[in-house]
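Text of the file data_15.txt, holding compact mmCIF, C-alpha atoms:
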# COMPACT_ATOMS: atom_id res chain seq x y z
CA MET Y 1 -16.40 -8.16 -6.20
CA SER Y 2 -13.30 -6.25 -7.07
CA THR Y 3 -12.62 -5.14 -10.61
CA ALA Y 4 -8.85 -5.50 -10.19
CA THR Y 5 -6.97 -8.20 -12.14
CA ALA Y 6 -5.55 -11.05 -10.08
CA VAL Y 7 -1.84 -11.77 -10.33
CA THR Y 8 -0.11 -14.93 -9.14
CA ASP Y 9 3.28 -16.35 -8.21
CA ALA Y 10 3.48 -17.62 -11.78
CA ASN Y 11 2.88 -14.35 -13.59
CA PHE Y 12 4.07 -11.79 -11.03
CA GLU Y 13 7.31 -11.16 -12.89
CA ALA Y 14 5.65 -10.72 -16.26
CA GLU Y 15 2.63 -8.73 -15.05
CA VAL Y 16 4.24 -6.58 -12.36
CA LEU Y 17 8.02 -6.56 -12.35
CA ASN Y 18 8.49 -6.36 -16.11
CA SER Y 19 5.64 -3.95 -16.69
CA ASP Y 20 6.25 -0.45 -18.05
CA GLU Y 21 3.34 0.87 -16.01
CA THR Y 22 3.13 1.96 -12.39
CA ILE Y 23 1.43 -0.93 -10.66
CA LEU Y 24 -0.08 -1.15 -7.19
CA VAL Y 25 -0.32 -4.70 -5.87
CA ASP Y 26 -2.98 -5.24 -3.20
CA PHE Y 27 -1.85 -8.22 -1.08
CA TRP Y 28 -5.03 -9.70 0.39
CA ALA Y 29 -6.82 -12.84 1.60
CA GLU Y 30 -10.42 -14.03 1.83
CA TRP Y 31 -10.30 -14.14 5.63
CA CYS Y 32 -9.10 -10.54 5.99
CA GLY Y 33 -11.95 -8.17 6.87
CA PRO Y 34 -9.95 -4.95 6.43
CA CYS Y 35 -8.96 -6.20 2.94
CA ARG Y 36 -12.64 -6.31 2.00
CA ALA Y 37 -13.08 -2.78 3.32
CA VAL Y 38 -10.22 -1.34 1.32
CA SER Y 39 -10.92 -3.24 -1.90
CA PRO Y 40 -13.76 -1.02 -3.19
CA ILE Y 41 -11.74 2.09 -2.30
CA LEU Y 42 -8.85 0.79 -4.42
CA ASP Y 43 -11.29 0.06 -7.25
CA GLN Y 44 -12.44 3.68 -7.11
CA ILE Y 45 -8.89 5.01 -7.11
CA ALA Y 46 -8.00 2.72 -10.03
CA SER Y 47 -10.93 3.89 -12.14
CA GLU Y 48 -10.36 7.56 -11.33
CA HIS Y 49 -6.66 7.37 -12.18
CA SER Y 50 -6.57 4.63 -14.81
CA ASP Y 51 -4.08 6.62 -16.89
CA LYS Y 52 -1.63 6.86 -13.98
CA ILE Y 53 -1.74 3.62 -12.06
CA LYS Y 54 -2.85 0.06 -12.56
CA ILE Y 55 -4.11 -1.84 -9.54
CA VAL Y 56 -3.87 -5.62 -9.30
CA LYS Y 57 -4.53 -8.09 -6.47
CA LEU Y 58 -2.44 -10.95 -5.13
CA ASN Y 59 -4.07 -13.55 -2.89
CA VAL Y 60 -1.46 -14.38 -0.24
CA ASP Y 61 -2.98 -17.79 0.54
CA ASP Y 62 -2.69 -18.95 -3.04
CA ASN Y 63 0.61 -17.22 -3.77
CA PRO Y 64 2.87 -17.63 -0.74
CA GLN Y 65 6.16 -17.25 -2.65
CA THR Y 66 5.50 -13.67 -3.68
CA ALA Y 67 4.07 -12.79 -0.26
CA MET Y 68 7.16 -14.19 1.40
CA LYS Y 69 9.57 -12.53 -1.02
CA TYR Y 70 8.10 -9.12 -0.20
CA GLN Y 71 8.02 -9.88 3.52
CA ILE Y 72 4.31 -9.41 3.93
CA THR Y 73 3.41 -9.70 7.64
CA SER Y 74 0.15 -7.81 7.72
CA ILE Y 75 -2.63 -7.33 5.20
CA PRO Y 76 -3.98 -5.44 3.44
CA ALA Y 77 -0.53 -4.44 2.23
CA MET Y 78 -0.35 -2.24 -0.85
CA LYS Y 79 2.94 -1.98 -2.69
CA VAL Y 80 3.59 0.27 -5.64
CA TYR Y 81 6.04 -1.11 -8.25
CA ARG Y 82 7.91 0.84 -10.87
CA GLY Y 83 10.50 -0.78 -13.11
CA GLY Y 84 10.50 -3.91 -10.99
CA GLU Y 85 11.18 -2.07 -7.73
CA VAL Y 86 8.94 -1.33 -4.75
CA VAL Y 87 8.69 2.44 -4.54
CA LYS Y 88 5.97 2.71 -1.90
CA THR Y 89 4.38 0.53 0.78
CA VAL Y 90 1.09 1.24 2.54
CA ILE Y 91 -0.07 -1.12 5.26
CA GLY Y 92 -3.60 -1.40 6.61
CA ALA Y 93 -7.01 -0.28 5.44
CA LYS Y 94 -7.39 3.49 5.40
CA PRO Y 95 -10.08 5.98 4.42
CA LYS Y 96 -9.98 7.03 0.78
CA PRO Y 97 -8.56 10.52 1.42
CA ALA Y 98 -5.75 9.01 3.52
CA LEU Y 99 -4.93 6.43 0.82
CA GLU Y 100 -4.99 9.11 -1.87
CA ALA Y 101 -2.60 11.18 0.21
CA ASP Y 102 -0.24 8.20 0.65
CA LEU Y 103 -0.34 7.56 -3.09
CA ALA Y 104 -0.31 11.21 -4.17
CA ASP Y 105 3.06 10.92 -5.96
CA PHE Y 106 1.64 8.27 -8.25
CA LEU Y 107 -1.80 9.71 -8.95
CA ALA Y 108 -0.90 13.24 -10.00
CA MET A 109 -32.12 17.44 10.20
CA ARG A 110 -32.51 13.86 11.29
CA GLN A 111 -34.34 12.26 14.18
CA VAL A 112 -31.33 10.15 15.06
CA ILE A 113 -27.69 9.76 14.06
CA ILE A 114 -25.94 6.55 15.06
CA ILE A 115 -22.16 6.76 15.32
CA GLY A 116 -20.58 3.34 14.93
CA SER A 117 -21.36 0.22 12.94
CA GLY A 118 -20.57 -2.75 15.14
CA PRO A 119 -23.32 -4.95 16.57
CA ALA A 120 -24.51 -2.08 18.83
CA GLY A 121 -24.71 0.51 16.05
CA TYR A 122 -26.37 -1.74 13.48
CA THR A 123 -28.84 -3.24 15.95
CA ALA A 124 -29.80 0.27 17.08
CA ALA A 125 -30.24 1.09 13.38
CA ILE A 126 -32.51 -1.92 12.82
CA TYR A 127 -34.76 -0.92 15.73
CA ALA A 128 -34.74 2.79 14.92
CA GLY A 129 -35.40 1.97 11.26
CA ARG A 130 -38.37 -0.21 12.10
CA ALA A 131 -39.67 2.59 14.31
CA GLY A 132 -39.71 4.84 11.24
CA LEU A 133 -36.90 7.09 12.42
CA ALA A 134 -34.81 6.78 9.23
CA PRO A 135 -31.51 6.73 11.11
CA LEU A 136 -28.23 7.88 9.65
CA VAL A 137 -25.43 5.46 10.54
CA VAL A 138 -21.96 6.96 10.34
CA ALA A 139 -20.13 3.68 9.87
CA SER A 140 -16.48 4.79 9.44
CA SER A 141 -14.75 4.70 6.10
CA VAL A 142 -12.54 1.67 6.65
CA GLU A 143 -13.65 0.15 9.94
CA ALA A 144 -17.31 -0.27 9.03
CA GLY A 145 -18.61 -3.35 10.80
CA GLY A 146 -16.30 -2.80 13.75
CA GLU A 147 -14.17 -5.29 15.61
CA LEU A 148 -15.93 -8.38 14.26
CA MET A 149 -14.56 -7.58 10.82
CA LYS A 150 -11.23 -8.77 12.18
CA THR A 151 -12.49 -12.06 13.56
CA THR A 152 -12.95 -15.38 11.83
CA GLU A 153 -15.50 -17.95 12.89
CA ILE A 154 -18.18 -16.84 15.35
CA GLU A 155 -19.61 -19.89 17.09
CA ASN A 156 -21.67 -18.32 19.84
CA PHE A 157 -24.02 -15.88 18.13
CA PRO A 158 -27.52 -17.29 18.73
CA GLY A 159 -29.36 -18.43 15.65
CA PHE A 160 -26.32 -19.62 13.74
CA PRO A 161 -25.69 -23.19 14.93
CA ASP A 162 -23.08 -23.80 12.24
CA GLY A 163 -21.24 -20.59 13.06
CA LEU A 164 -20.49 -17.85 10.58
CA GLN A 165 -17.65 -15.52 9.71
CA GLY A 166 -17.45 -12.20 11.58
CA PRO A 167 -17.57 -10.08 8.41
CA GLU A 168 -20.53 -12.08 7.11
CA LEU A 169 -22.49 -11.40 10.30
CA MET A 170 -21.77 -7.69 10.02
CA PHE A 171 -22.79 -7.53 6.34
CA LYS A 172 -26.06 -9.22 7.29
CA MET A 173 -26.67 -6.71 10.08
CA GLN A 174 -25.99 -3.83 7.69
CA GLU A 175 -28.35 -5.30 5.11
CA GLN A 176 -31.05 -5.70 7.75
CA ALA A 177 -30.63 -2.10 8.93
CA GLU A 178 -30.81 -0.77 5.36
CA LYS A 179 -33.90 -2.85 4.68
CA PHE A 180 -35.70 -0.80 7.34
CA GLY A 181 -34.59 2.56 6.03
CA ALA A 182 -31.25 3.18 7.70
CA GLU A 183 -28.79 5.17 5.63
CA VAL A 184 -25.24 3.85 6.10
CA LEU A 185 -22.52 6.37 5.40
CA LEU A 186 -18.94 5.17 4.95
CA ASP A 187 -17.38 8.21 6.52
CA ASP A 188 -15.69 9.14 9.79
CA VAL A 189 -16.82 11.50 12.52
CA VAL A 190 -14.24 14.17 13.23
CA SER A 191 -16.13 16.14 15.90
CA VAL A 192 -19.46 16.32 17.70
CA ASP A 193 -21.39 19.04 19.45
CA LEU A 194 -23.90 17.33 21.71
CA SER A 195 -24.86 20.11 24.08
CA GLY A 196 -27.91 21.73 22.48
CA ASP A 197 -31.36 20.44 21.55
CA VAL A 198 -29.95 19.89 18.07
CA LYS A 199 -26.88 17.66 17.97
CA LYS A 200 -24.21 18.39 15.38
CA VAL A 201 -21.92 15.76 13.90
CA THR A 202 -19.06 16.82 11.62
CA LEU A 203 -17.85 14.24 9.11
CA GLY A 204 -14.54 13.57 7.40
CA SER A 205 -16.02 14.97 4.19
CA GLY A 206 -16.58 18.28 5.98
CA ALA A 207 -20.36 17.90 5.96
CA VAL A 208 -22.23 18.65 9.18
CA GLU A 209 -25.18 16.40 9.98
CA GLU A 210 -27.77 17.45 12.53
CA ALA A 211 -30.19 15.40 14.58
CA LEU A 212 -32.45 15.54 17.62
CA THR A 213 -30.70 12.52 19.11
CA VAL A 214 -27.39 10.71 18.85
CA ILE A 215 -26.55 7.11 19.68
CA TYR A 216 -22.85 6.85 20.40
CA ALA A 217 -21.62 3.32 19.68
CA THR A 218 -17.97 3.70 18.77
CA GLY A 219 -16.73 0.56 20.53
CA SER A 220 -13.20 0.24 21.77
CA ALA A 221 -9.70 0.38 20.36
CA TYR A 222 -6.72 -1.88 20.94
CA ARG A 223 -4.52 -0.56 23.72
CA LYS A 224 -0.96 0.23 22.74
CA LEU A 225 2.20 -0.30 24.73
CA GLY A 226 3.16 3.35 24.21
CA LEU A 227 6.69 2.64 22.97
CA ALA A 228 8.67 4.77 20.56
CA ASP A 229 9.03 2.22 17.76
CA GLU A 230 5.63 0.59 18.14
CA GLU A 231 3.91 2.64 15.45
CA ARG A 232 6.84 2.50 13.04
CA LEU A 233 7.00 -1.30 13.20
CA SER A 234 3.23 -1.76 13.17
CA GLY A 235 2.44 -4.05 10.23
CA ARG A 236 6.13 -4.90 10.12
CA GLY A 237 6.10 -7.57 12.76
CA VAL A 238 4.11 -5.70 15.40
CA SER A 239 0.43 -6.58 15.32
CA TRP A 240 -2.80 -6.25 17.30
CA CYS A 241 -4.64 -8.96 15.42
CA ALA A 242 -3.56 -12.59 15.52
CA THR A 243 -6.36 -13.75 13.24
CA CYS A 244 -5.37 -11.11 10.66
CA ASP A 245 -1.62 -11.54 10.68
CA GLY A 246 -0.80 -14.89 12.30
CA PHE A 247 -0.69 -16.58 8.91
CA PHE A 248 2.51 -14.70 8.08
CA PHE A 249 4.47 -16.12 11.03
CA LYS A 250 4.75 -19.72 9.91
CA GLN A 251 7.85 -21.37 11.36
CA LYS A 252 8.84 -18.23 13.25
CA GLU A 253 9.40 -17.34 16.90
CA ILE A 254 7.00 -14.73 18.18
CA ALA A 255 5.54 -13.34 21.39
CA VAL A 256 2.20 -12.23 22.74
CA VAL A 257 2.07 -9.48 25.35
CA GLY A 258 -0.75 -9.71 27.89
CA GLY A 259 -2.36 -11.94 30.48
CA GLY A 260 -6.07 -11.84 29.73
CA ASP A 261 -8.40 -14.04 27.72
CA SER A 262 -7.56 -12.37 24.44
CA ALA A 263 -3.82 -12.87 25.03
CA MET A 264 -4.37 -16.59 25.76
CA GLU A 265 -6.65 -16.94 22.77
CA GLU A 266 -4.13 -15.26 20.48
CA ALA A 267 -1.18 -17.26 21.84
CA THR A 268 -3.05 -20.53 21.39
CA PHE A 269 -4.22 -19.55 17.92
CA LEU A 270 -0.71 -18.49 16.88
CA THR A 271 0.77 -21.91 17.71
CA ARG A 272 -0.92 -23.09 14.51
CA PHE A 273 1.71 -21.13 12.62
CA ALA A 274 4.66 -20.29 14.83
CA THR A 275 7.27 -22.72 16.13
CA LYS A 276 7.39 -20.92 19.46
CA VAL A 277 5.09 -18.42 21.18
CA TYR A 278 6.28 -16.57 24.25
CA VAL A 279 3.66 -14.98 26.47
CA ILE A 280 5.06 -11.89 28.14
CA HIS A 281 3.13 -10.91 31.24
CA ARG A 282 3.91 -8.22 33.77
CA GLY A 283 2.62 -10.23 36.75
CA ASP A 284 2.94 -13.78 37.99
CA THR A 285 -0.72 -14.70 37.68
CA LEU A 286 -3.09 -14.38 34.74
CA ARG A 287 -6.40 -12.54 34.50
CA ALA A 288 -7.54 -15.01 31.86
CA SER A 289 -10.37 -17.44 32.56
CA LYS A 290 -9.38 -20.90 33.77
CA ILE A 291 -10.32 -22.67 30.56
CA MET A 292 -8.17 -20.30 28.49
CA GLN A 293 -5.25 -20.58 30.92
CA ASP A 294 -5.42 -24.37 30.93
CA ARG A 295 -5.44 -24.46 27.15
CA ALA A 296 -2.33 -22.23 27.02
CA PHE A 297 -0.48 -24.10 29.80
CA ALA A 298 -1.12 -27.41 28.02
CA ASN A 299 0.37 -26.16 24.76
CA ASP A 300 4.04 -27.07 24.55
CA LYS A 301 4.79 -24.37 21.96
CA ILE A 302 3.87 -21.69 24.50
CA GLU A 303 6.39 -20.47 27.06
CA PHE A 304 5.45 -17.96 29.74
CA LEU A 305 7.78 -15.12 30.67
CA TRP A 306 6.47 -13.90 34.03
CA ASN A 307 6.99 -10.50 35.66
CA LYS A 308 8.26 -8.90 32.47
CA THR A 309 7.27 -5.78 30.61
CA VAL A 310 8.28 -4.83 27.10
CA THR A 311 10.27 -1.61 27.33
CA ALA A 312 11.59 -1.41 23.75
CA ILE A 313 11.01 -2.95 20.35
CA THR A 314 14.03 -3.26 18.09
CA GLY A 315 14.35 -3.68 14.34
CA ASP A 316 14.99 -1.57 11.25
CA GLU A 317 12.69 -2.69 8.46
CA LYS A 318 10.98 -5.33 10.58
CA ALA A 319 10.60 -6.12 14.26
CA ALA A 320 13.62 -8.15 15.32
CA GLY A 321 13.36 -8.32 19.08
CA VAL A 322 12.24 -6.79 22.32
CA THR A 323 13.87 -5.49 25.46
CA LEU A 324 12.24 -6.91 28.58
CA THR A 325 12.42 -5.35 32.00
CA ASP A 326 11.77 -7.50 35.05
CA THR A 327 9.00 -5.98 37.17
CA VAL A 328 10.46 -7.46 40.38
CA ASP A 329 14.18 -6.77 40.24
CA GLY A 330 14.39 -4.30 37.33
CA THR A 331 16.90 -6.32 35.30
CA GLU A 332 16.84 -5.98 31.54
CA SER A 333 17.08 -8.76 29.00
CA HIS A 334 16.74 -9.11 25.25
CA LEU A 335 14.65 -11.54 23.28
CA ASP A 336 15.00 -12.11 19.52
CA LEU A 337 11.61 -12.34 17.82
CA GLU A 338 10.11 -11.98 14.38
CA GLY A 339 6.66 -11.02 15.56
CA LEU A 340 5.07 -9.27 18.54
CA PHE A 341 1.32 -9.46 19.13
CA ILE A 342 -0.03 -6.95 21.61
CA ALA A 343 -3.12 -8.05 23.56
CA ILE A 344 -3.12 -5.87 26.66
CA GLY A 345 -6.74 -4.85 26.49
CA ASN A 346 -9.04 -2.35 24.87
CA ASP A 347 -9.96 1.21 25.67
CA PRO A 348 -13.41 2.64 25.00
CA ARG A 349 -13.26 5.10 22.10
CA THR A 350 -14.40 8.27 23.83
CA HIS A 351 -11.97 10.94 22.60
CA LEU A 352 -14.66 12.72 20.55
CA VAL A 353 -16.87 13.32 23.60
CA HIS A 354 -14.34 14.27 26.26
CA GLY A 355 -15.62 17.33 28.06
CA GLN A 356 -19.15 16.68 26.82
CA LEU A 357 -20.15 13.31 28.22
CA ASP A 358 -19.41 12.03 31.70
CA LEU A 359 -17.13 9.02 31.88
CA THR A 360 -16.83 6.29 34.51
CA GLU A 361 -13.56 5.58 36.28
CA ASP A 362 -13.10 2.66 33.86
CA GLY A 363 -13.12 5.16 31.01
CA THR A 364 -16.48 4.11 29.60
CA ILE A 365 -19.26 6.58 28.91
CA ALA A 366 -21.41 6.83 32.02
CA VAL A 367 -25.03 5.76 31.53
CA GLN A 368 -27.95 5.70 33.94
CA GLY A 369 -28.60 2.20 35.30
CA ARG A 370 -29.40 -0.32 32.61
CA SER A 371 -30.43 2.41 30.20
CA SER A 372 -28.33 4.05 27.50
CA LYS A 373 -28.95 7.59 28.83
CA THR A 374 -25.85 9.75 29.21
CA ASN A 375 -25.62 12.97 31.19
CA LEU A 376 -26.92 14.92 28.18
CA PRO A 377 -30.58 14.79 27.10
CA GLY A 378 -30.94 13.22 23.66
CA VAL A 379 -27.53 11.55 23.76
CA PHE A 380 -27.40 7.79 24.24
CA ALA A 381 -24.50 5.34 24.33
CA ALA A 382 -24.34 1.63 23.58
CA GLY A 383 -22.00 -1.31 23.11
CA ASP A 384 -18.37 -1.65 24.13
CA VAL A 385 -18.04 2.10 24.69
CA ILE A 386 -20.17 1.62 27.85
CA ASP A 387 -18.98 -1.89 28.72
CA ILE A 388 -15.49 -3.15 29.47
CA THR A 389 -16.72 -6.31 31.17
CA TYR A 390 -18.78 -8.41 28.78
CA ARG A 391 -17.82 -7.13 25.32
CA GLN A 392 -19.68 -9.71 23.25
CA ALA A 393 -21.41 -9.28 19.90
CA ILE A 394 -24.69 -10.29 21.46
CA THR A 395 -24.41 -8.03 24.53
CA ALA A 396 -23.48 -5.11 22.28
CA ALA A 397 -26.50 -5.88 20.09
CA GLY A 398 -28.72 -5.90 23.18
CA SER A 399 -27.22 -2.61 24.26
CA GLY A 400 -27.95 -1.12 20.82
CA THR A 401 -31.57 -2.22 21.19
CA VAL A 402 -31.83 -0.42 24.53
CA ALA A 403 -30.45 2.76 22.96
CA ALA A 404 -32.91 2.70 20.05
CA LEU A 405 -35.83 2.22 22.45
CA ASP A 406 -34.54 5.03 24.67
CA VAL A 407 -34.36 7.28 21.59
CA GLU A 408 -37.95 6.46 20.64
CA HIS A 409 -39.11 7.24 24.16
CA TYR A 410 -37.14 10.49 24.28
CA LEU A 411 -38.49 11.68 20.91
CA ALA A 412 -42.06 10.84 21.98
CA GLY A 413 -41.57 13.02 25.06
CA LEU A 414 -40.51 16.09 23.10
CA ASP A 415 -42.96 18.80 22.09
CA GLN A 416 -44.16 17.26 18.82
CA GLN A 417 -44.86 20.62 17.25
CA LEU A 418 -41.28 21.70 17.84
CA VAL A 419 -40.02 18.35 16.53
CA ALA A 420 -41.99 18.71 13.32
CA GLN A 421 -40.75 22.26 12.97
CA ALA A 422 -37.15 21.23 13.57
CA LEU A 423 -37.34 18.35 11.12
CA GLY A 424 -39.06 20.54 8.56
CA GLU A 425 -36.62 23.41 8.78
CA GLN A 426 -33.76 21.54 7.23
CA PRO A 427 -34.37 21.13 3.49
CA ALA A 428 -32.76 17.68 3.38
CA GLU A 429 -34.91 16.96 0.37
CA PRO A 430 -36.00 20.02 -1.54
CA VAL A 431 -39.75 20.34 -1.59
CA THR A 432 -41.26 21.71 -4.75
CA VAL A 433 -44.45 23.57 -4.23
CA SER A 434 -46.56 23.58 -7.35
CA ALA A 435 -49.05 26.33 -7.88
Turn this file's structure into C-alpha cells for me.
Amino acid sequence: MSTATAVTDANFEAEVLNSDETILVDFWAEWCGPCRAVSPILDQIASEHSDKIKIVKLNVDDNPQTAMKYQITSIPAMKVYRGGEVVKTVIGAKPKPALEADLADFLA
Amino acid sequence: MRQVIIIGSGPAGYTAAIYAGRAGLAPLVVASSVEAGGELMKTTEIENFPGFPDGLQGPELMFKMQEQAEKFGAEVLLDDVVSVDLSGDVKKVTLGSGAVEEALTVIYATGSAYRKLGLADEERLSGRGVSWCATCDGFFFKQKEIAVVGGGDSAMEEATFLTRFATKVYVIHRGDTLRASKIMQDRAFANDKIEFLWNKTVTAITGDEKAAGVTLTDTVDGTESHLDLEGLFIAIGNDPRTHLVHGQLDLTEDGTIAVQGRSSKTNLPGVFAAGDVIDITYRQAITAAGSGTVAALDVEHYLAGLDQQLVAQALGEQPAEPVTVSA
C-alpha cells in the first residue's frame, strides 16, 4: 500500500493548488496495472527527497472533476504543481532512473 | 554465477521460474522495472485461466505467479536487461543498474510489444489521446468520439469495449475484410456505436496538446480525408521483443525466436525461449505458461547433460555469497 496521502476533488485546491510546497500528484485507479507498478517507485522518490517534493495520489474514479480539469487521458499520469500551476507532466510507468531524470529539476 | 537467468516476468517467465525453482535451480528472474508481470498487468478480468471459475484480475494473477515463484526460491529483480551475450558456455546479462549477471543457461521470455503506426506525431501524442490500451485509458473517453485502428480480434475487442464510454467508435481498417474471428466481428457489427471505415490507413495524427484528428488515406484510390477525433486506439498487432538478441539468436520469418520443434531450444546451446516471443499465433496466458514449463524442463535436461565437475567449478568460481573459511 502506498504511503502517499490521498487528495480529492473536495480538497485539491487546498492541498495542492494553494500549497507552498512542490507537489507531485499521481493520478491513478485501482484497475490500472502500470499505476501499481509505479506507486512504490514514487514512494521511494518521496521518501528520498521529502525536503524537496511532496507526493500525493488522486483516484480518478472517485474524483472525476479534477481528472477532467487536467485532461487526464492516460494513467498513471504524474503532474508536478508549483504555486497552483502544472510545471511538469510525466505519463506512463517508467523505471526509477527514468522517472528521476524526468523529475530532476524538482529533486535537486 | 547462476544456473539459470530468466528474462521476462509474464506467464512464461514466472512459470519457468516456478519449475526451475522447484528443481532447486534458484533462478534469477529479471522482471523489468515497470513492466513486471507483463501484458496481463494491463488487462482487467481474466475469465479463461483454468482453476479460477469466478475469474480474476490480470494483475492479481501475475502477483500470485510471482509469489509462487518466490516461494520456491526464485529471486525476482525489478530491473531491465540492457544487453546480453549468449554465445559462450557462460551467458552474460547486463542490467539497467550496470551489474552483469552470469549463468549457465538463459530462458528468454520477453513477450511482445504493441506495434506502432510509425507516424511522426504518434509518440508525442501518446498518452494525450493516442493509446495502445483500451482497458487502461478507455475510461477517459466518456461521451467522446474516438477510433480504433486495426482489423484483428484485439481491435474488435477494444472497439466493443470502448463503446461503454464513447458515443462513437470508428474502426479504421486498411482492407475490406477483417482478420478477426467471427464471434468478435459479429459483436462489433451488431454494435450501433461502431462504424467501420474500410480501405483506409492513418497517415497523420493531428493535435497540439492532445490528439484532435487523423488524416486517412484510401488504400484503393489514394484519396485523403480528415476525421476529427478525441482519441485514437492503435491495435494493429504485436511484435515479438527480440531486439536484444538480434545477431545472436535465429529468428523465424514471423520475427519470433526460432526454436526446435515443440521444444524451447534456440540455435545456441544453453539458451531457451518461451512465451509470446516464440508464438504469434496463440498468445494466451495459459499457452505462455505451458511454454515456460517446457523451457524450465529443457534447462534442467541441458544442465544434467553438462560435465558436472565443470558445472560445480563454474558455480563455485563466482563468490556470489562470500564463504568464510574458519581455521
Per residue of chain Y within 12 Å of chain A, record the nearest atom pair and its distance in Å to one decimal, counting all atoms listed in the file, with rows in chain order and ascending residue number, as a tab-separated table.
residue	atom	partner	partner_atom	distance
Y:Trp28	CA	A:Cys244	CA	10.4
Y:Ala29	CA	A:Cys244	CA	9.3
Y:Glu30	CA	A:Thr152	CA	10.4
Y:Trp31	CA	A:Thr152	CA	6.9
Y:Cys32	CA	A:Cys244	CA	6.0
Y:Gly33	CA	A:Met149	CA	4.8
Y:Pro34	CA	A:Met149	CA	6.9
Y:Cys35	CA	A:Val142	CA	9.4
Y:Arg36	CA	A:Pro167	CA	8.9
Y:Ala37	CA	A:Val142	CA	5.6
Y:Val38	CA	A:Val142	CA	6.5
Y:Ser39	CA	A:Val142	CA	10.0
Y:Pro40	CA	A:Val142	CA	10.3
Y:Ile41	CA	A:Val142	CA	9.0
Y:Leu42	CA	A:Val142	CA	11.7
Y:Val60	CA	A:Phe248	CA	9.2
Y:Asp61	CA	A:Phe247	CA	8.8
Y:Pro64	CA	A:Phe248	CA	9.3
Y:Gln65	CA	A:Phe248	CA	11.6
Y:Ala67	CA	A:Phe248	CA	8.7
Y:Met68	CA	A:Phe248	CA	8.2
Y:Lys69	CA	A:Phe248	CA	11.7
Y:Tyr70	CA	A:Arg236	CA	11.3
Y:Gln71	CA	A:Arg236	CA	8.5
Y:Ile72	CA	A:Phe248	CA	7.0
Y:Thr73	CA	A:Phe248	CA	5.1
Y:Ser74	CA	A:Gly235	CA	5.1
Y:Ile75	CA	A:Asp245	CA	7.0
Y:Pro76	CA	A:Cys244	CA	9.3
Y:Ala77	CA	A:Gly235	CA	8.5
Y:Met78	CA	A:Gly235	CA	11.6
Y:Thr89	CA	A:Gly235	CA	10.7
Y:Val90	CA	A:Gly235	CA	9.4
Y:Ile91	CA	A:Gly235	CA	6.3
Y:Gly92	CA	A:Gly235	CA	7.5
Y:Ala93	CA	A:Val142	CA	6.0
Y:Lys94	CA	A:Val142	CA	5.6
Y:Pro95	CA	A:Ser141	CA	5.1
Y:Lys96	CA	A:Ser141	CA	7.5
Y:Pro97	CA	A:Gly204	CA	9.0
Y:Ala98	CA	A:Ser141	CA	10.3
Y:Leu99	CA	A:Val142	CA	10.7
How far is it from CA of Asp329 (chain A) to CA of His281 (chain A), in Å with one decimal?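 Spanning CA of Asp329 (chain A) to CA of His281 (chain A) is a straight-line distance of 14.8 Å.
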Skip Ile313 (chain A) itself and residues of its chain fewer than 2 positions away, then list as an NGL selection string all residues within 8 Å of it, counting only C-alpha atoms. :A and (227 or 229-230 or 310-311 or 315 or 319-323)
Identify which of the residues A:Gly424, A:Leu133, A:Lys252, A:Ala396 lies closest to Ala412 (chain A), counting all atoms listed in the file when measuring atom-to-atom distances.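 That would be A:Leu133, the residue with the smallest distance to Ala412 (chain A).
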Coordinates-based distance that separates CA of Ala381 (chain A) from CA of Val367 (chain A) (Å, one decimal):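 These atoms are spaced 7.2 Å apart.
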Tell me, as a list of chain:residue names, which residues lie within 9 Å of Leu376 (chain A), counting all atoms listed in the file; anything in the same chain fewer than 4 positions away does not count. A:Leu194, A:Ser195, A:Gly196, A:Gln356, A:Leu357, A:Asp358, A:Phe380
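Proximity ranking of Y:Ala104, Y:Val80, Y:Asn59, Y:Glu85 relative to Ile23 (chain Y) places Y:Val80 first, based on only C-alpha atoms.
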Nearby residues (only C-alpha atoms) at most 7 Å from region 170-184 of chain A, same-chain spacing under 4 positions excluded, as a PDB file with C-alpha atoms, in the frame of the given file:
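Below you can see part10.pdb, which holds the result:
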ATOM      1  CA  TYR A 122     -26.370  -1.740  13.480  1.00  0.00           C
ATOM      2  CA  ALA A 125     -30.240   1.090  13.380  1.00  0.00           C
ATOM      3  CA  ILE A 126     -32.510  -1.920  12.820  1.00  0.00           C
ATOM      4  CA  GLY A 129     -35.400   1.970  11.260  1.00  0.00           C
ATOM      5  CA  ARG A 130     -38.370  -0.210  12.100  1.00  0.00           C
ATOM      6  CA  ALA A 134     -34.810   6.780   9.230  1.00  0.00           C
ATOM      7  CA  PRO A 135     -31.510   6.730  11.110  1.00  0.00           C
ATOM      8  CA  LEU A 136     -28.230   7.880   9.650  1.00  0.00           C
ATOM      9  CA  VAL A 137     -25.430   5.460  10.540  1.00  0.00           C
ATOM     10  CA  VAL A 138     -21.960   6.960  10.340  1.00  0.00           C
ATOM     11  CA  ALA A 139     -20.130   3.680   9.870  1.00  0.00           C
ATOM     12  CA  GLY A 145     -18.610  -3.350  10.800  1.00  0.00           C
ATOM     13  CA  GLY A 166     -17.450 -12.200  11.580  1.00  0.00           C
TER      14      GLY A 166
END
Centre and edge lengths, as AutoDock Vina command-line options, for the axis-aligned box enclosing every listed atom of region 90-97 of chain Y with 4 Å of padding on each of the six sides, in Å to one decimal?
--center_x -4.5 --center_y 4.6 --center_z 3.7 --size_x 19.2 --size_y 19.9 --size_z 13.8
Thr22 (chain Y): which residues within 12 Å, counting only C-alpha atoms, same-chain residues fewer than 3 positions away excluded, as a list of chain:residue names?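 Neighbouring residues, sequence-local ones excluded: Y:Glu15, Y:Val16, Y:Leu17, Y:Asn18, Y:Ser19, Y:Val25, Y:Ala46, Y:His49, Y:Ser50, Y:Asp51, Y:Lys52, Y:Ile53, Y:Lys54, Y:Ile55, Y:Val56, Y:Lys79, Y:Val80, Y:Tyr81, Y:Arg82, Y:Gly83, Y:Gly84, Y:Glu85, Y:Val86, Y:Val87, Y:Lys88, Y:Leu103, Y:Asp105, Y:Phe106, Y:Leu107.
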Polymer residues at most 7 Å from Gly219 (chain A), only C-alpha atoms, same-chain spacing of 4 or more positions, as a PDB file with C-alpha atoms, keeping the file's coordinate frame:
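Listing of part-v7.pdb after writing:
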ATOM      1  CA  PRO A 348     -13.410   2.640  25.000  1.00  0.00           C
ATOM      2  CA  ARG A 349     -13.260   5.100  22.100  1.00  0.00           C
ATOM      3  CA  GLY A 383     -22.000  -1.310  23.110  1.00  0.00           C
ATOM      4  CA  ASP A 384     -18.370  -1.650  24.130  1.00  0.00           C
ATOM      5  CA  VAL A 385     -18.040   2.100  24.690  1.00  0.00           C
TER       6      VAL A 385
END
